[in-house]
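What follows is the content of entry.cif (mmCIF, C-alpha atoms; chains and numbers go by the auth columns).
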data_data
loop_
_atom_site.group_PDB
_atom_site.id
_atom_site.type_symbol
_atom_site.label_atom_id
_atom_site.label_comp_id
_atom_site.label_asym_id
_atom_site.label_seq_id
_atom_site.Cartn_x
_atom_site.Cartn_y
_atom_site.Cartn_z
_atom_site.B_iso_or_equiv
_atom_site.auth_seq_id
_atom_site.auth_asym_id
ATOM 1 C CA MET A 1 0.000 0.000 0.000 0.00 1 A
ATOM 2 C CA GLY A 2 1.164 3.557 -0.659 0.00 2 A
ATOM 3 C CA ARG A 3 4.135 4.725 -2.627 0.00 3 A
ATOM 4 C CA PRO A 4 6.744 2.127 -3.633 0.00 4 A
ATOM 5 C CA PRO A 5 9.896 2.335 -1.455 0.00 5 A
ATOM 6 C CA VAL A 6 12.939 4.048 -2.950 0.00 6 A
ATOM 7 C CA LEU A 7 15.066 1.147 -1.664 0.00 7 A
ATOM 8 C CA THR A 8 13.528 -2.076 -2.996 0.00 8 A
ATOM 9 C CA ASP A 9 13.208 -5.253 -0.929 0.00 9 A
ATOM 10 C CA SER A 10 15.851 -7.027 -3.023 0.00 10 A
ATOM 11 C CA GLU A 11 18.274 -4.127 -2.502 0.00 11 A
ATOM 12 C CA LEU A 12 17.527 -4.189 1.228 0.00 12 A
ATOM 13 C CA VAL A 13 18.450 -7.883 1.450 0.00 13 A
ATOM 14 C CA CYS A 14 21.672 -7.272 -0.510 0.00 14 A
ATOM 15 C CA VAL A 15 22.630 -4.436 1.846 0.00 15 A
ATOM 16 C CA ALA A 16 21.955 -6.633 4.897 0.00 16 A
ATOM 17 C CA VAL A 17 24.005 -9.537 3.519 0.00 17 A
ATOM 18 C CA ALA A 18 26.898 -7.203 2.686 0.00 18 A
ATOM 19 C CA GLN A 19 26.797 -5.809 6.222 0.00 19 A
ATOM 20 C CA ALA A 20 27.091 -9.299 7.726 0.00 20 A
ATOM 21 C CA MET A 21 29.812 -10.497 5.345 0.00 21 A
ATOM 22 C CA LEU A 22 31.947 -7.377 5.833 0.00 22 A
ATOM 23 C CA GLY A 23 31.714 -7.676 9.618 0.00 23 A
ATOM 24 C CA PHE A 24 29.834 -4.485 10.519 0.00 24 A
ATOM 25 C CA THR A 25 27.956 -4.987 13.801 0.00 25 A
ATOM 26 C CA SER A 26 26.853 -1.345 14.059 0.00 26 A
ATOM 27 C CA GLU A 27 24.154 -0.281 11.604 0.00 27 A
ATOM 28 C CA ALA A 28 25.204 3.388 11.895 0.00 28 A
ATOM 29 C CA HIS A 29 28.841 2.567 11.040 0.00 29 A
ATOM 30 C CA TRP A 30 27.724 0.331 8.190 0.00 30 A
ATOM 31 C CA LEU A 31 25.479 2.947 6.594 0.00 31 A
ATOM 32 C CA ARG A 32 28.249 5.555 6.752 0.00 32 A
ATOM 33 C CA TYR A 33 30.602 3.100 5.026 0.00 33 A
ATOM 34 C CA ALA A 34 27.992 2.154 2.419 0.00 34 A
ATOM 35 C CA ARG A 35 27.227 5.786 1.547 0.00 35 A
ATOM 36 C CA ARG A 36 30.924 6.420 1.029 0.00 36 A
ATOM 37 C CA HIS A 37 31.885 3.290 -0.908 0.00 37 A
ATOM 38 C CA LEU A 38 28.701 1.755 -2.376 0.00 38 A
ATOM 39 C CA ARG A 39 26.864 4.732 -3.844 0.00 39 A
ATOM 40 C CA GLY A 40 27.147 3.274 -7.344 0.00 40 A
ATOM 41 C CA LEU A 41 25.365 0.086 -6.273 0.00 41 A
ATOM 42 C CA PHE A 42 22.725 1.631 -4.011 0.00 42 A
ATOM 43 C CA PRO A 43 21.819 5.194 -5.056 0.00 43 A
ATOM 44 C CA TYR A 44 19.550 5.574 -2.006 0.00 44 A
ATOM 45 C CA LEU A 45 20.215 4.373 1.540 0.00 45 A
ATOM 46 C CA PRO A 46 17.842 5.244 4.411 0.00 46 A
ATOM 47 C CA GLN A 47 18.854 6.642 7.767 0.00 47 A
ATOM 48 C CA GLN A 48 19.707 4.224 10.569 0.00 48 A
ATOM 49 C CA SER A 49 16.210 4.207 12.109 0.00 49 A
ATOM 50 C CA GLY A 50 14.509 3.657 8.748 0.00 50 A
ATOM 51 C CA TYR A 51 16.990 0.908 7.815 0.00 51 A
ATOM 52 C CA ASN A 52 16.375 -0.856 11.123 0.00 52 A
ATOM 53 C CA LYS A 53 12.581 -0.749 10.708 0.00 53 A
ATOM 54 C CA ARG A 54 12.745 -2.029 7.121 0.00 54 A
ATOM 55 C CA LEU A 55 15.122 -4.818 8.070 0.00 55 A
ATOM 56 C CA ARG A 56 12.987 -6.003 10.994 0.00 56 A
ATOM 57 C CA ALA A 57 9.871 -5.966 8.817 0.00 57 A
ATOM 58 C CA ALA A 58 11.712 -7.990 6.131 0.00 58 A
ATOM 59 C CA LEU A 59 12.756 -10.829 8.464 0.00 59 A
ATOM 60 C CA GLY A 60 10.503 -13.334 6.692 0.00 60 A
ATOM 61 C CA LEU A 61 11.929 -12.336 3.317 0.00 61 A
ATOM 62 C CA VAL A 62 15.510 -12.668 4.541 0.00 62 A
ATOM 63 C CA LYS A 63 14.783 -16.153 5.895 0.00 63 A
ATOM 64 C CA ARG A 64 13.210 -17.224 2.590 0.00 64 A
ATOM 65 C CA VAL A 65 16.223 -15.945 0.629 0.00 65 A
ATOM 66 C CA ILE A 66 18.634 -17.811 2.925 0.00 66 A
ATOM 67 C CA ARG A 67 16.678 -21.055 2.541 0.00 67 A
ATOM 68 C CA MET A 68 16.424 -20.572 -1.250 0.00 68 A
ATOM 69 C CA LEU A 69 20.198 -20.081 -1.574 0.00 69 A
ATOM 70 C CA ALA A 70 20.858 -23.100 0.645 0.00 70 A
ATOM 71 C CA LYS A 71 18.596 -25.342 -1.443 0.00 71 A
ATOM 72 C CA SER A 72 20.403 -24.298 -4.632 0.00 72 A
ATOM 73 C CA SER A 73 23.568 -25.986 -3.315 0.00 73 A
ATOM 74 C CA ASP A 74 24.315 -29.697 -3.673 0.00 74 A
ATOM 75 C CA PHE A 75 25.326 -29.764 0.011 0.00 75 A
ATOM 76 C CA TRP A 76 21.646 -29.332 0.928 0.00 76 A
ATOM 77 C CA LEU A 77 20.981 -32.861 -0.379 0.00 77 A
ATOM 78 C CA ASP A 78 23.382 -34.504 2.089 0.00 78 A
ATOM 79 C CA ASP A 79 21.502 -37.019 4.269 0.00 79 A
ATOM 80 C CA CYS A 80 24.163 -37.009 7.012 0.00 80 A
ATOM 81 C CA TRP A 81 23.475 -34.330 9.649 0.00 81 A
ATOM 82 C CA ILE A 82 25.451 -33.247 12.706 0.00 82 A
ATOM 83 C CA VAL A 83 23.786 -31.494 15.653 0.00 83 A
ATOM 84 C CA ASP A 84 25.428 -29.622 18.499 0.00 84 A
ATOM 85 C CA SER A 85 24.841 -26.643 20.766 0.00 85 A
ATOM 86 C CA THR A 86 27.116 -23.788 21.810 0.00 86 A
ATOM 87 C CA PRO A 87 26.668 -20.993 24.365 0.00 87 A
ATOM 88 C CA VAL A 88 26.105 -17.422 23.191 0.00 88 A
ATOM 89 C CA PRO A 89 26.869 -15.125 26.169 0.00 89 A
ATOM 90 C CA CYS A 90 24.832 -11.899 26.029 0.00 90 A
ATOM 91 C CA GLY A 91 25.808 -10.132 29.260 0.00 91 A
ATOM 92 C CA MET A 92 28.572 -10.129 31.858 0.00 92 A
ATOM 93 C CA SER A 93 27.092 -8.116 34.747 0.00 93 A
ATOM 94 C CA ARG A 94 23.938 -8.094 36.853 0.00 94 A
ATOM 95 C CA PRO A 95 22.905 -4.555 35.717 0.00 95 A
ATOM 96 C CA THR A 96 23.175 -5.695 32.091 0.00 96 A
ATOM 97 C CA VAL A 97 20.944 -8.679 32.825 0.00 97 A
ATOM 98 C CA LYS A 98 18.303 -6.410 34.382 0.00 98 A
ATOM 99 C CA ARG A 99 18.145 -3.815 31.601 0.00 99 A
ATOM 100 C CA SER A 100 18.791 -6.044 28.571 0.00 100 A
ATOM 101 C CA ASP A 101 16.062 -6.407 25.937 0.00 101 A
ATOM 102 C CA LEU A 102 16.792 -10.155 26.077 0.00 102 A
ATOM 103 C CA ALA A 103 15.375 -10.418 29.596 0.00 103 A
ATOM 104 C CA GLY A 104 12.745 -13.135 29.526 0.00 104 A
ATOM 105 C CA TRP A 105 14.412 -14.849 26.551 0.00 105 A
ATOM 106 C CA ALA A 106 17.947 -15.393 27.805 0.00 106 A
ATOM 107 C CA GLY A 107 18.901 -17.183 31.018 0.00 107 A
ATOM 108 C CA TYR A 108 21.786 -18.538 33.049 0.00 108 A
ATOM 109 C CA GLY A 109 23.560 -21.638 31.785 0.00 109 A
ATOM 110 C CA TYR A 110 26.749 -23.630 32.281 0.00 110 A
ATOM 111 C CA CYS A 111 29.332 -24.305 29.590 0.00 111 A
ATOM 112 C CA ALA A 112 31.067 -27.592 30.428 0.00 112 A
ATOM 113 C CA SER A 113 33.765 -27.222 27.758 0.00 113 A
ATOM 114 C CA HIS A 114 34.932 -23.917 29.283 0.00 114 A
ATOM 115 C CA SER A 115 33.904 -24.731 32.885 0.00 115 A
ATOM 116 C CA ARG A 116 32.023 -21.453 33.358 0.00 116 A
ATOM 117 C CA PHE A 117 28.565 -20.066 33.929 0.00 117 A
ATOM 118 C CA TYR A 118 27.133 -17.455 31.574 0.00 118 A
ATOM 119 C CA TRP A 119 23.999 -15.422 30.946 0.00 119 A
ATOM 120 C CA GLY A 120 22.648 -15.544 27.432 0.00 120 A
ATOM 121 C CA LEU A 121 21.272 -18.005 24.927 0.00 121 A
ATOM 122 C CA LYS A 122 22.233 -21.350 23.451 0.00 122 A
ATOM 123 C CA LEU A 123 22.624 -21.834 19.713 0.00 123 A
ATOM 124 C CA TYR A 124 21.445 -25.204 18.408 0.00 124 A
ATOM 125 C CA LEU A 125 22.733 -26.000 14.940 0.00 125 A
ATOM 126 C CA VAL A 126 22.082 -28.880 12.560 0.00 126 A
ATOM 127 C CA CYS A 127 24.484 -28.932 9.625 0.00 127 A
ATOM 128 C CA THR A 128 26.046 -31.292 7.088 0.00 128 A
ATOM 129 C CA PRO A 129 29.673 -32.506 7.355 0.00 129 A
ATOM 130 C CA ALA A 130 30.556 -29.914 4.680 0.00 130 A
ATOM 131 C CA GLY A 131 29.299 -27.133 6.962 0.00 131 A
ATOM 132 C CA MET A 132 25.946 -26.349 5.321 0.00 132 A
ATOM 133 C CA PRO A 133 23.511 -25.189 8.059 0.00 133 A
ATOM 134 C CA ILE A 134 20.176 -27.049 7.782 0.00 134 A
ATOM 135 C CA LEU A 135 18.300 -26.062 10.962 0.00 135 A
ATOM 136 C CA TRP A 136 19.088 -23.665 13.793 0.00 136 A
ATOM 137 C CA ALA A 137 17.498 -22.204 16.909 0.00 137 A
ATOM 138 C CA LEU A 138 18.361 -19.927 19.823 0.00 138 A
ATOM 139 C CA ALA A 139 16.962 -21.110 23.140 0.00 139 A
ATOM 140 C CA ASP A 140 17.164 -20.512 26.874 0.00 140 A
ATOM 141 C CA PRO A 141 20.086 -22.593 28.271 0.00 141 A
ATOM 142 C CA LYS A 142 17.755 -24.114 30.870 0.00 142 A
ATOM 143 C CA ILE A 143 15.643 -25.861 28.214 0.00 143 A
ATOM 144 C CA GLY A 144 16.683 -29.470 27.575 0.00 144 A
ATOM 145 C CA GLU A 145 18.595 -30.317 24.406 0.00 145 A
ATOM 146 C CA ARG A 146 16.163 -33.028 23.314 0.00 146 A
ATOM 147 C CA GLU A 147 13.225 -30.662 23.806 0.00 147 A
ATOM 148 C CA VAL A 148 14.795 -27.958 21.638 0.00 148 A
ATOM 149 C CA LEU A 149 15.739 -30.335 18.831 0.00 149 A
ATOM 150 C CA ALA A 150 12.257 -31.884 18.875 0.00 150 A
ATOM 151 C CA ALA A 151 10.751 -28.394 18.488 0.00 151 A
ATOM 152 C CA MET A 152 13.139 -27.613 15.605 0.00 152 A
ATOM 153 C CA LEU A 153 12.074 -30.754 13.756 0.00 153 A
ATOM 154 C CA GLU A 154 8.408 -30.000 14.399 0.00 154 A
ATOM 155 C CA VAL A 155 8.666 -26.452 13.022 0.00 155 A
ATOM 156 C CA ASP A 156 10.679 -27.522 9.958 0.00 156 A
ATOM 157 C CA ALA A 157 9.126 -30.947 9.411 0.00 157 A
ATOM 158 C CA ASP A 158 9.086 -30.281 5.653 0.00 158 A
ATOM 159 C CA VAL A 159 12.900 -30.085 5.629 0.00 159 A
ATOM 160 C CA ALA A 160 13.256 -33.546 7.159 0.00 160 A
ATOM 161 C CA ALA A 161 10.600 -34.865 4.771 0.00 161 A
ATOM 162 C CA GLU A 162 12.749 -33.785 1.791 0.00 162 A
ATOM 163 C CA HIS A 163 15.500 -36.201 2.847 0.00 163 A
ATOM 164 C CA ASP A 164 15.359 -39.984 2.968 0.00 164 A
ATOM 165 C CA GLY A 165 17.189 -42.006 5.606 0.00 165 A
ATOM 166 C CA ILE A 166 18.803 -39.170 7.564 0.00 166 A
ATOM 167 C CA LEU A 167 21.749 -40.131 9.772 0.00 167 A
ATOM 168 C CA LEU A 168 21.942 -37.726 12.724 0.00 168 A
ATOM 169 C CA ILE A 169 25.276 -37.571 14.564 0.00 169 A
ATOM 170 C CA CYS A 170 25.096 -36.062 18.060 0.00 170 A
ATOM 171 C CA ASP A 171 26.609 -36.277 21.538 0.00 171 A
ATOM 172 C CA LYS A 172 25.418 -38.053 24.670 0.00 172 A
ATOM 173 C CA GLY A 173 23.266 -35.081 25.729 0.00 173 A
ATOM 174 C CA PHE A 174 20.634 -36.096 23.176 0.00 174 A
ATOM 175 C CA ALA A 175 20.403 -39.680 24.437 0.00 175 A
ATOM 176 C CA GLY A 176 16.959 -41.000 25.319 0.00 176 A
ATOM 177 C CA ARG A 177 14.805 -43.946 24.257 0.00 177 A
ATOM 178 C CA ASP A 178 11.661 -41.862 23.741 0.00 178 A
ATOM 179 C CA PHE A 179 13.620 -39.262 21.792 0.00 179 A
ATOM 180 C CA GLU A 180 15.102 -41.887 19.482 0.00 180 A
ATOM 181 C CA THR A 181 11.582 -43.178 18.866 0.00 181 A
ATOM 182 C CA LEU A 182 10.504 -39.640 17.953 0.00 182 A
ATOM 183 C CA LEU A 183 13.417 -39.321 15.524 0.00 183 A
ATOM 184 C CA GLY A 184 12.394 -42.604 13.938 0.00 184 A
ATOM 185 C CA GLU A 185 8.994 -41.099 13.126 0.00 185 A
ATOM 186 C CA TYR A 186 10.831 -38.493 11.027 0.00 186 A
ATOM 187 C CA GLY A 187 12.897 -41.210 9.332 0.00 187 A
ATOM 188 C CA ILE A 188 16.037 -40.206 11.261 0.00 188 A
ATOM 189 C CA THR A 189 18.602 -42.640 12.677 0.00 189 A
ATOM 190 C CA MET A 190 20.654 -41.367 15.624 0.00 190 A
ATOM 191 C CA LEU A 191 24.379 -42.058 15.876 0.00 191 A
ATOM 192 C CA ARG A 192 25.924 -41.031 19.201 0.00 192 A
ATOM 193 C CA PRO A 193 28.586 -42.092 21.725 0.00 193 A
ATOM 194 C CA SER A 194 27.550 -44.592 24.364 0.00 194 A
ATOM 195 C CA ARG A 195 26.898 -43.554 27.936 0.00 195 A
ATOM 196 C CA LYS A 196 28.737 -45.078 30.865 0.00 196 A
ATOM 197 C CA ASP A 197 25.845 -47.436 31.604 0.00 197 A
ATOM 198 C CA GLU A 198 25.633 -48.676 27.982 0.00 198 A
ATOM 199 C CA LYS A 199 27.550 -51.042 25.763 0.00 199 A
ATOM 200 C CA SER A 200 29.600 -49.556 22.931 0.00 200 A
ATOM 201 C CA ARG A 201 27.278 -48.444 20.137 0.00 201 A
ATOM 202 C CA TYR A 202 27.708 -49.133 16.446 0.00 202 A
ATOM 203 C CA GLY A 203 30.062 -46.696 14.671 0.00 203 A
ATOM 204 C CA GLU A 204 31.250 -45.066 17.893 0.00 204 A
ATOM 205 C CA PRO A 205 35.027 -44.987 17.078 0.00 205 A
ATOM 206 C CA MET A 206 34.473 -42.681 14.082 0.00 206 A
ATOM 207 C CA LEU A 207 32.246 -40.201 15.892 0.00 207 A
ATOM 208 C CA LYS A 208 34.817 -37.966 17.565 0.00 208 A
ATOM 209 C CA LYS A 209 36.444 -36.700 14.369 0.00 209 A
ATOM 210 C CA VAL A 210 33.110 -36.215 12.613 0.00 210 A
ATOM 211 C CA ARG A 211 31.564 -34.309 15.516 0.00 211 A
ATOM 212 C CA GLN A 212 34.510 -31.901 15.513 0.00 212 A
ATOM 213 C CA LEU A 213 33.375 -30.638 12.103 0.00 213 A
ATOM 214 C CA ILE A 214 30.441 -28.767 13.610 0.00 214 A
ATOM 215 C CA GLU A 215 32.778 -27.009 16.029 0.00 215 A
ATOM 216 C CA SER A 216 34.398 -25.213 13.092 0.00 216 A
ATOM 217 C CA VAL A 217 30.958 -24.121 11.849 0.00 217 A
ATOM 218 C CA ASN A 218 30.073 -22.748 15.288 0.00 218 A
ATOM 219 C CA ASP A 219 33.431 -20.975 15.429 0.00 219 A
ATOM 220 C CA THR A 220 32.648 -19.285 12.098 0.00 220 A
ATOM 221 C CA LEU A 221 29.240 -18.117 13.319 0.00 221 A
ATOM 222 C CA LYS A 222 30.582 -16.795 16.615 0.00 222 A
ATOM 223 C CA GLY A 223 33.853 -15.433 15.215 0.00 223 A
ATOM 224 C CA GLN A 224 33.683 -14.355 11.576 0.00 224 A
ATOM 225 C CA LEU A 225 30.004 -13.366 11.720 0.00 225 A
ATOM 226 C CA ASP A 226 30.395 -11.942 15.263 0.00 226 A
ATOM 227 C CA LEU A 227 27.312 -13.711 16.617 0.00 227 A
ATOM 228 C CA GLU A 228 28.090 -12.780 20.213 0.00 228 A
#

Can the structure from this file be put into structure tokens for me?
Amino acid sequence: MGRPPVLTDSELVCVAVAQAMLGFTSEAHWLRYARRHLRGLFPYLPQQSGYNKRLRAALGLVKRVIRMLAKSSDFWLDDCWIVDSTPVPCGMSRPTVKRSDLAGWAGYGYCASHSRFYWGLKLYLVCTPAGMPILWALADPKIGEREVLAAMLEVDADVAAEHDGILLICDKGFAGRDFETLLGEYGITMLRPSRKDEKSRYGEPMLKKVRQLIESVNDTLKGQLDLE
């Protein structure tokens, strides 16, 4: 409705992708850089407040473009998936926790690999061994891992339906007889290390090296793309 925007939706998505790939976390700094160096590509760029409103309103479009680009790659067809979670700290002090806009979404959690507590969110990522992200979610650290992954599969059930005979590689935190039964309903076979009270599971010796692949993907998201 109304007049057509001077900056089209496709241009808006291109500007947002360029901001992420060039590592600008501040929208104000990014727009100043874009006006100076990208005038030939984008004759009109809104002010910071207008850019922020347009970008928030275009979230659904951005998600569709990401999924469309992912499906155009052969890596999307891989039926071997790896799932893992990683902490995303969002605050380091009690005053920050009280005034943060993430209050009510974020929570306190414990990172076993770094032996520390943190306040923030937990990123759950499902990707292929080549590093192609398939599913992702940000959740409160207090929510169980199986519960989050079950919700991810429920929301994106069509993604699992596009693949036949998925092999899901995970760690012991996702262990559970009922959960494995749920995965079976989606046509997914779980491959994970055995717990202390279990016998060695099939394929366990090869799991450690394969599961390390997702750590590099998480490192890219948290480092290169400055997720934190």

Could you write out as JSON the box around region 60-66 of chain A (axis-aligned, all atoms listed in the file, 6 Å on each side), with centre and edge lengths in Å to one decimal?
{"center_x": 14.6, "center_y": -15.1, "center_z": 3.7, "size_x": 20.1, "size_y": 17.5, "size_z": 18.1}

Could you check which of A:Ala18, A:Ile169, A:Gly184, A:Asp79 is closest to Met206 (chain A), using all atoms listed in the file?
A:Ile169

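Put simply, CA of Lys172 (chain A) is 5.9 Å away from CA of Pro193 (chain A).
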
Quick one: apply the PyMOL selection byres ((chain A and resi 156) around 12) to the file and drop the selected residues here as number ranges by chain.
A: 67, 126, 134-137, 149-155, 157-162, 186

With C-alpha atoms retained, export the selected residues as a CSV table (one decimal), keeping the file's coordinate frame.
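The resulting file, out_27.csv, is reproduced below:
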chain,number,residue,atom,x,y,z
A,67,ARG,CA,16.7,-21.1,2.5
A,126,VAL,CA,22.1,-28.9,12.6
A,134,ILE,CA,20.2,-27.0,7.8
A,135,LEU,CA,18.3,-26.1,11.0
A,136,TRP,CA,19.1,-23.7,13.8
A,137,ALA,CA,17.5,-22.2,16.9
A,149,LEU,CA,15.7,-30.3,18.8
A,150,ALA,CA,12.3,-31.9,18.9
A,151,ALA,CA,10.8,-28.4,18.5
A,152,MET,CA,13.1,-27.6,15.6
A,153,LEU,CA,12.1,-30.8,13.8
A,154,GLU,CA,8.4,-30.0,14.4
A,155,VAL,CA,8.7,-26.5,13.0
A,157,ALA,CA,9.1,-30.9,9.4
A,158,ASP,CA,9.1,-30.3,5.7
A,159,VAL,CA,12.9,-30.1,5.6
A,160,ALA,CA,13.3,-33.5,7.2
A,161,ALA,CA,10.6,-34.9,4.8
A,162,GLU,CA,12.7,-33.8,1.8
A,186,TYR,CA,10.8,-38.5,11.0

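Each of A:Arg36, A:Leu123, A:Asp78, A:Ala106 was compared to Asp164 (chain A) using only C-alpha atoms, and A:Asp78 turns out to be the nearest.
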
Interatomic distance (Å, one decimal) between CA of Asp9 (chain A) and CA of Ala58 (chain A)
7.7 Å

Residues selected by the PyMOL selection byres ((chain A and resi 88-92) around 10), written as a list of chain:residue names
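Evaluating the PyMOL selection byres ((chain A and resi 88-92) around 10) on this file yields A:Ser85, A:Thr86, A:Pro87, A:Ser93, A:Arg94, A:Pro95, A:Thr96, A:Val97, A:Lys98, A:Ser100, A:Leu102, A:Ala106, A:Gly107, A:Tyr108, A:Gly109, A:Cys111, A:Phe117, A:Tyr118, A:Trp119, A:Gly120, A:Leu121, A:Lys122, A:Leu123, A:Leu138, A:Ala139, A:Pro141, A:Lys222, A:Leu227, A:Glu228.
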
Using all atoms listed in the file, pick whichever of A:Gln47, A:Thr189, A:Thr128, A:Ser194 has the shortest atom-to-atom distance to Gly173 (chain A).
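Ranking A:Gln47, A:Thr189, A:Thr128, A:Ser194 by distance to Gly173 (chain A), first place goes to A:Ser194.
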
I'd like the interatomic distance between CA of Met190 (chain A) and CA of Gly165 (chain A), to a tenth of an Å.
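Distance between the two atoms: 10.6 Å.
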
For a cutoff of 9 Å around the file-coordinate point (9.8, -0.4, 3.6), which residues qualify once you count all atoms listed in the file? I'd like the result as number ranges by chain.
A: 4-9, 12, 50-51, 53-55, 57-58

Same residues, C-alpha atoms, output as a compact mmCIF listing (two decimals), in the frame of the given file:
# COMPACT_ATOMS: atom_id res chain seq x y z
CA PRO A 4 6.74 2.13 -3.63
CA PRO A 5 9.90 2.34 -1.46
CA VAL A 6 12.94 4.05 -2.95
CA LEU A 7 15.07 1.15 -1.66
CA THR A 8 13.53 -2.08 -3.00
CA ASP A 9 13.21 -5.25 -0.93
CA LEU A 12 17.53 -4.19 1.23
CA GLY A 50 14.51 3.66 8.75
CA TYR A 51 16.99 0.91 7.82
CA LYS A 53 12.58 -0.75 10.71
CA ARG A 54 12.74 -2.03 7.12
CA LEU A 55 15.12 -4.82 8.07
CA ALA A 57 9.87 -5.97 8.82
CA ALA A 58 11.71 -7.99 6.13

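Proximity ranking of A:Asp178, A:Val210, A:Ala28, A:Cys127 relative to Val83 (chain A) places A:Cys127 first, based on all atoms listed in the file.
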
From the set A:Val217, A:Leu168, A:Ala130, A:Ala175, which residue has the shortest atom-to-atom contact distance to Trp81 (chain A), counting only C-alpha atoms?
A:Leu168
